[in-house]
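Okay, coords.tsv now, which holds TSV, C-alpha atoms and all ligand atoms:
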chain	number	residue	atom	x	y	z
K	13	MET	CA	20.27	1.93	5.17
K	14	LYS	CA	18.06	0.22	2.57
K	15	THR	CA	14.78	2.01	2.02
K	16	VAL	CA	11.28	0.62	1.53
K	17	TYR	CA	8.55	2.90	0.21
K	18	VAL	CA	5.20	2.60	2.01
K	19	LEU	CA	2.61	4.18	-0.28
K	20	ASN	CA	-1.02	4.89	0.54
K	21	GLY	CA	-3.66	6.02	-1.93
K	22	PRO	CA	-6.90	7.97	-1.89
K	23	ASN	CA	-8.91	8.54	1.29
K	24	LEU	CA	-6.45	6.65	3.48
K	25	ASN	CA	-5.56	10.01	5.04
K	26	VAL	CA	-8.93	9.90	6.84
K	27	LEU	CA	-8.31	6.50	8.43
K	28	GLY	CA	-9.36	6.42	12.07
K	29	LYS	CA	-11.62	9.41	11.57
K	30	ARG	CA	-14.46	7.82	9.49
K	31	GLU	CA	-15.98	4.31	9.13
K	32	PRO	CA	-14.10	2.67	12.01
K	33	ALA	CA	-16.32	-0.43	11.68
K	34	ILE	CA	-14.65	-1.23	8.34
K	35	TYR	CA	-11.22	0.36	8.60
K	36	GLY	CA	-10.58	0.44	12.36
K	37	ALA	CA	-9.74	3.33	14.65
K	38	THR	CA	-6.03	3.54	13.83
K	39	THR	CA	-4.92	6.72	12.05
K	40	LEU	CA	-2.58	6.79	9.08
K	41	ALA	CA	-0.03	8.69	11.17
K	42	SER	CA	-0.03	5.83	13.67
K	43	ILE	CA	0.27	3.20	10.89
K	44	GLU	CA	3.21	5.10	9.40
K	45	ALA	CA	4.92	5.33	12.80
K	46	ASP	CA	4.46	1.55	13.21
K	47	CYS	CA	5.89	1.00	9.70
K	48	ARG	CA	9.00	3.05	10.53
K	49	LYS	CA	9.45	1.04	13.75
K	50	THR	CA	8.93	-2.33	12.04
K	51	ALA	CA	11.21	-1.41	9.17
K	52	LYS	CA	13.95	-0.34	11.58
K	53	ALA	CA	13.70	-3.67	13.42
K	54	LEU	CA	14.12	-5.39	10.04
K	55	GLY	CA	17.18	-3.31	9.20
K	56	LEU	CA	15.28	-1.11	6.76
K	57	ALA	CA	14.11	2.49	6.58
K	58	ALA	CA	10.46	3.20	5.69
K	59	GLU	CA	9.68	6.19	3.47
K	60	CYS	CA	5.95	6.75	3.99
K	61	ARG	CA	3.78	8.77	1.61
K	62	GLN	CA	0.06	9.22	0.94
K	63	SER	CA	-1.73	10.89	-1.95
K	64	ASN	CA	-5.27	11.21	-3.22
K	65	HIS	CA	-3.87	11.57	-6.76
K	66	GLU	CA	-3.12	8.61	-9.02
K	67	GLY	CA	-0.25	10.40	-10.78
K	68	ASP	CA	1.58	11.00	-7.49
K	69	LEU	CA	1.49	7.27	-6.81
K	70	VAL	CA	2.84	6.53	-10.32
K	71	THR	CA	5.66	9.06	-9.79
K	72	TRP	CA	6.56	7.59	-6.40
K	73	ILE	CA	6.60	4.03	-7.75
K	74	GLN	CA	9.00	5.21	-10.47
K	75	GLU	CA	11.11	7.01	-7.85
K	76	ALA	CA	11.21	3.86	-5.72
K	77	GLY	CA	12.60	2.05	-8.75
K	78	ASP	CA	15.73	4.18	-8.32
K	79	LYS	CA	15.84	4.67	-4.56
K	80	ALA	CA	14.20	1.72	-2.80
K	81	VAL	CA	14.60	-2.02	-2.38
K	82	GLY	CA	10.85	-2.63	-2.31
K	83	ILE	CA	7.38	-1.14	-2.03
K	84	VAL	CA	4.42	-1.76	0.26
K	85	ILE	CA	1.31	-0.22	-1.30
K	86	ASN	CA	-2.30	0.25	-0.35
K	87	ALA	CA	-3.60	1.86	-3.51
K	88	GLY	CA	-7.08	2.39	-2.01
K	89	ALA	CA	-9.83	2.50	-4.62
K	90	TYR	CA	-7.26	2.86	-7.44
K	91	THR	CA	-6.56	-0.82	-6.74
K	92	HIS	CA	-9.73	-1.67	-8.61
K	93	THR	CA	-9.36	0.74	-11.52
K	94	SER	CA	-5.78	1.69	-12.26
K	95	ILE	CA	-3.96	0.23	-15.23
K	96	ALA	CA	-1.50	3.12	-14.73
K	97	LEU	CA	-0.47	1.73	-11.34
K	98	HIS	CA	-0.26	-1.80	-12.79
K	99	ASP	CA	2.03	-0.50	-15.55
K	100	ALA	CA	4.15	1.54	-13.10
K	101	ILE	CA	4.71	-1.54	-10.92
K	102	ARG	CA	5.60	-3.65	-13.96
K	103	ALA	CA	7.99	-0.92	-15.11
K	104	VAL	CA	10.08	-1.12	-11.90
K	105	ALA	CA	10.41	-4.93	-12.03
K	106	PRO	CA	12.07	-6.82	-10.48
K	107	LEU	CA	11.56	-4.43	-7.53
K	108	PRO	CA	9.28	-6.41	-5.17
K	109	VAL	CA	5.91	-4.83	-4.44
K	110	VAL	CA	3.57	-6.10	-1.73
K	111	GLU	CA	-0.08	-5.05	-1.85
K	112	VAL	CA	-1.94	-4.35	1.39
K	113	HIS	CA	-5.60	-3.84	2.19
K	114	ILE	CA	-6.92	-3.12	5.63
K	115	SER	CA	-10.27	-4.75	4.89
K	116	ASN	CA	-10.89	-8.14	3.28
K	117	ILE	CA	-11.70	-6.88	-0.22
K	118	HIS	CA	-12.96	-10.35	-1.21
K	119	ALA	CA	-15.66	-10.26	1.46
K	120	ARG	CA	-17.00	-6.88	0.31
K	121	GLU	CA	-18.81	-5.54	-2.77
K	122	PRO	CA	-18.03	-7.40	-6.04
K	123	PHE	CA	-16.31	-4.32	-7.50
K	124	ARG	CA	-13.67	-4.62	-4.78
K	125	HIS	CA	-12.89	-8.28	-5.58
K	126	ILE	CA	-10.70	-7.39	-8.53
K	127	SER	CA	-7.27	-5.83	-8.06
K	128	MET	CA	-5.75	-4.37	-11.21
K	129	ILE	CA	-2.34	-4.28	-9.55
K	130	ALA	CA	-2.30	-7.79	-8.05
K	131	PRO	CA	-0.85	-9.52	-11.17
K	132	ALA	CA	2.14	-7.14	-11.01
K	133	THR	CA	2.87	-7.67	-7.30
K	134	VAL	CA	4.65	-10.33	-5.26
K	135	GLY	CA	1.50	-10.88	-3.22
K	136	MET	CA	-1.37	-9.38	-1.29
K	137	ILE	CA	-2.20	-9.15	2.40
K	138	CYS	CA	-5.78	-8.18	3.15
K	139	GLY	CA	-8.30	-8.37	5.95
K	140	PHE	CA	-5.97	-8.04	8.93
K	141	GLY	CA	-6.51	-4.34	9.61
K	142	SER	CA	-3.50	-2.12	10.16
K	143	LEU	CA	-1.45	-5.20	11.12
K	144	GLY	CA	-1.33	-5.87	7.36
K	145	TYR	CA	1.34	-3.21	6.92
K	146	THR	CA	3.61	-4.91	9.46
K	147	LEU	CA	3.00	-8.29	7.81
K	148	ALA	CA	3.76	-6.79	4.39
K	149	LEU	CA	7.06	-5.33	5.60
K	150	GLN	CA	8.01	-8.70	7.10
K	151	ALA	CA	7.11	-10.45	3.83
K	152	LEU	CA	9.17	-7.94	1.88
K	153	ALA	CA	12.16	-8.28	4.21
K	154	ALA	CA	12.00	-12.08	3.93
K	155	ARG	CA	11.96	-11.76	0.16
K	156	LEU	CA	14.98	-9.41	0.09
R	1	LIG	O1	-9.19	-2.13	2.65
R	1	LIG	C1	-8.45	-1.31	2.14
R	1	LIG	O2	-7.33	-1.02	2.60
R	1	LIG	C2	-8.88	-0.54	0.89
R	1	LIG	O3	-7.75	-0.37	0.04
R	1	LIG	C3	-9.38	0.80	1.38
R	1	LIG	C4	-9.98	1.67	0.28
R	1	LIG	C5	-11.02	0.89	-0.53
R	1	LIG	O4	-11.47	1.67	-1.62
R	1	LIG	C6	-10.46	-0.43	-1.05
R	1	LIG	O5	-11.49	-1.12	-1.73
R	1	LIG	C7	-9.95	-1.27	0.10
R	1	LIG	C8	-10.63	2.91	0.90
R	1	LIG	C9	-9.63	3.81	1.54
R	1	LIG	C10	-10.09	4.37	2.83
R	1	LIG	O6	-11.34	5.00	2.68
R	1	LIG	C11	-11.97	5.44	3.80
R	1	LIG	C12	-13.26	5.85	3.64
R	1	LIG	C13	-13.96	6.30	4.73
R	1	LIG	C14	-13.35	6.33	5.98
R	1	LIG	C15	-12.02	5.91	6.14
R	1	LIG	C16	-11.34	5.49	5.04
Output the file's structure as structure tokens, nothing else.
Amino acid sequence: MKTVYVLNGPNLNVLGKREPAIYGATTLASIEADCRKTAKALGLAAECRQSNHEGDLVTWIQEAGDKAVGIVINAGAYTHTSIALHDAIRAVAPLPVVEVHISNIHAREPFRHISMIAPATVGMICGFGSLGYTLALQALAARL
């Protein structure tokens, strides 16, 4: 079975427990279960991981370069700051990477309008809540 890595960054482990007005009431565990189900329906296996540490995400992107056919990533706030994640994604090219955000980052504070990783990805899905992960997996599967 071909594997897709679904990576989530800092604070996404508290989804569904804080700020439901912005991020919804769905927990990360529920999103990950949905990802596994969606991936299976697409003939893929989802390997889901979350970390609050930038280096873990870099390591997992590198690992996906060897073990996966693509990556779905919500890098959380590192989206807006991390050249290390940008470089890691570039380093696994041509592995396709789809960026996801639960909220519409372009409709929020100016500091969220810039994604450091966007130029290294296939594309971004944002503003559709937890559905974004399903859409990202579908986009990745279509690309493969
Ligand atoms: O909209 C998204 O998915 C974000 O990647 C979520 C990040 C934020 O920094 C990005 O700008 C957009 C935040 C992760 C979740 O943080 C929470 C904070 C409080 C309660 C629940 C989640």
* To do: Name all residues at most 12 Å from segment 26-29 of chain K (count all atoms listed in the file; drop same-chain ones fewer than 5 positions away) and give them as number ranges by chain.
  => K: 20-21, 34-44, 62-64, 88, 114-115, 141-142
* Using all atoms listed in the file, find the one residue out of K:Ala33, K:Val70, K:Ala151, K:Leu54 that sits nearest to Tyr90 of chain K. => K:Val70
* **Contacts of segment 99-110 of chain K within 9 Å, only C-alpha atoms, excl. fewer than 5 positions in-chain, as a PyMOL selection string** => chain K and resi 69-71+73-74+76-78+80-86+94+129-130+132-137+148-149+151-152+155-156
* To do: Would you mind reading off the distance between atom O3 of ligand LIG 1 (chain R) and atom CA of His113 of chain K, one decimal, in Å?
  =>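 About the pair atom O3 of ligand LIG 1 (chain R) and atom CA of His113 of chain K: they are 4.6 Å apart.
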* For ligand LIG 1 (chain R), which residue among K:Lys14, K:Arg30, K:His65, K:His92 is the nearest when counting all atoms listed in the file? ->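 Under the stated criterion, the closest residue is K:Arg30.
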* From K:Leu24, K:Cys138, K:Ala154, K:Ile117, residue lying nearest Leu56 of chain K [all atoms listed in the file] ->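 Result for the nearest residue to Leu56 of chain K: K:Ala154.
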* In Å to one decimal, how far is atom CA of Ala51 of chain K from atom O2 of ligand LIG 1 (chain R)? ->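 So the two atoms, atom O2 of ligand LIG 1 (chain R) and atom CA of Ala51 of chain K, lie 19.7 Å apart.
Here atom CA of Phe123 of chain K stands at a distance of 29.9 Å from atom CA of Asp46 of chain K.
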Just need the box for ligand LIG 1 (chain R), edges along x, y and z, holding every atom the file lists for it with 5 Å tacked onto each side, so centre and edge lengths in Å to one decimal, as AutoDock Vina command-line options.
--center_x -10.6 --center_y 2.1 --center_z 2.2 --size_x 16.6 --size_y 18.5 --size_z 17.9
* To do: Considering all atoms listed in the file, state which residue in the set K:Ala153, K:Val112, K:Ala45, K:Cys60 is at the smallest distance from Ala87 of chain K.
  =>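 Looking only at the distances to Ala87 of chain K, the closest residue turns out to be K:Val112.
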* Asked: With all atoms listed in the file as the basis for distance, which of K:Glu31, K:Asn23, K:Lys79, K:Val16 is at the shortest distance from Cys47 of chain K?
  ->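 Checking each of K:Glu31, K:Asn23, K:Lys79, K:Val16 against Cys47 of chain K, counting all atoms listed in the file, the winner is K:Val16.
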* **For ligand LIG 1 (chain R), the nearest of the candidates K:Glu111, K:Gln150, K:Arg124, K:Phe140, counting only C-alpha atoms and all ligand atoms** =>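 That would be K:Arg124, the residue with the smallest distance to ligand LIG 1 (chain R).
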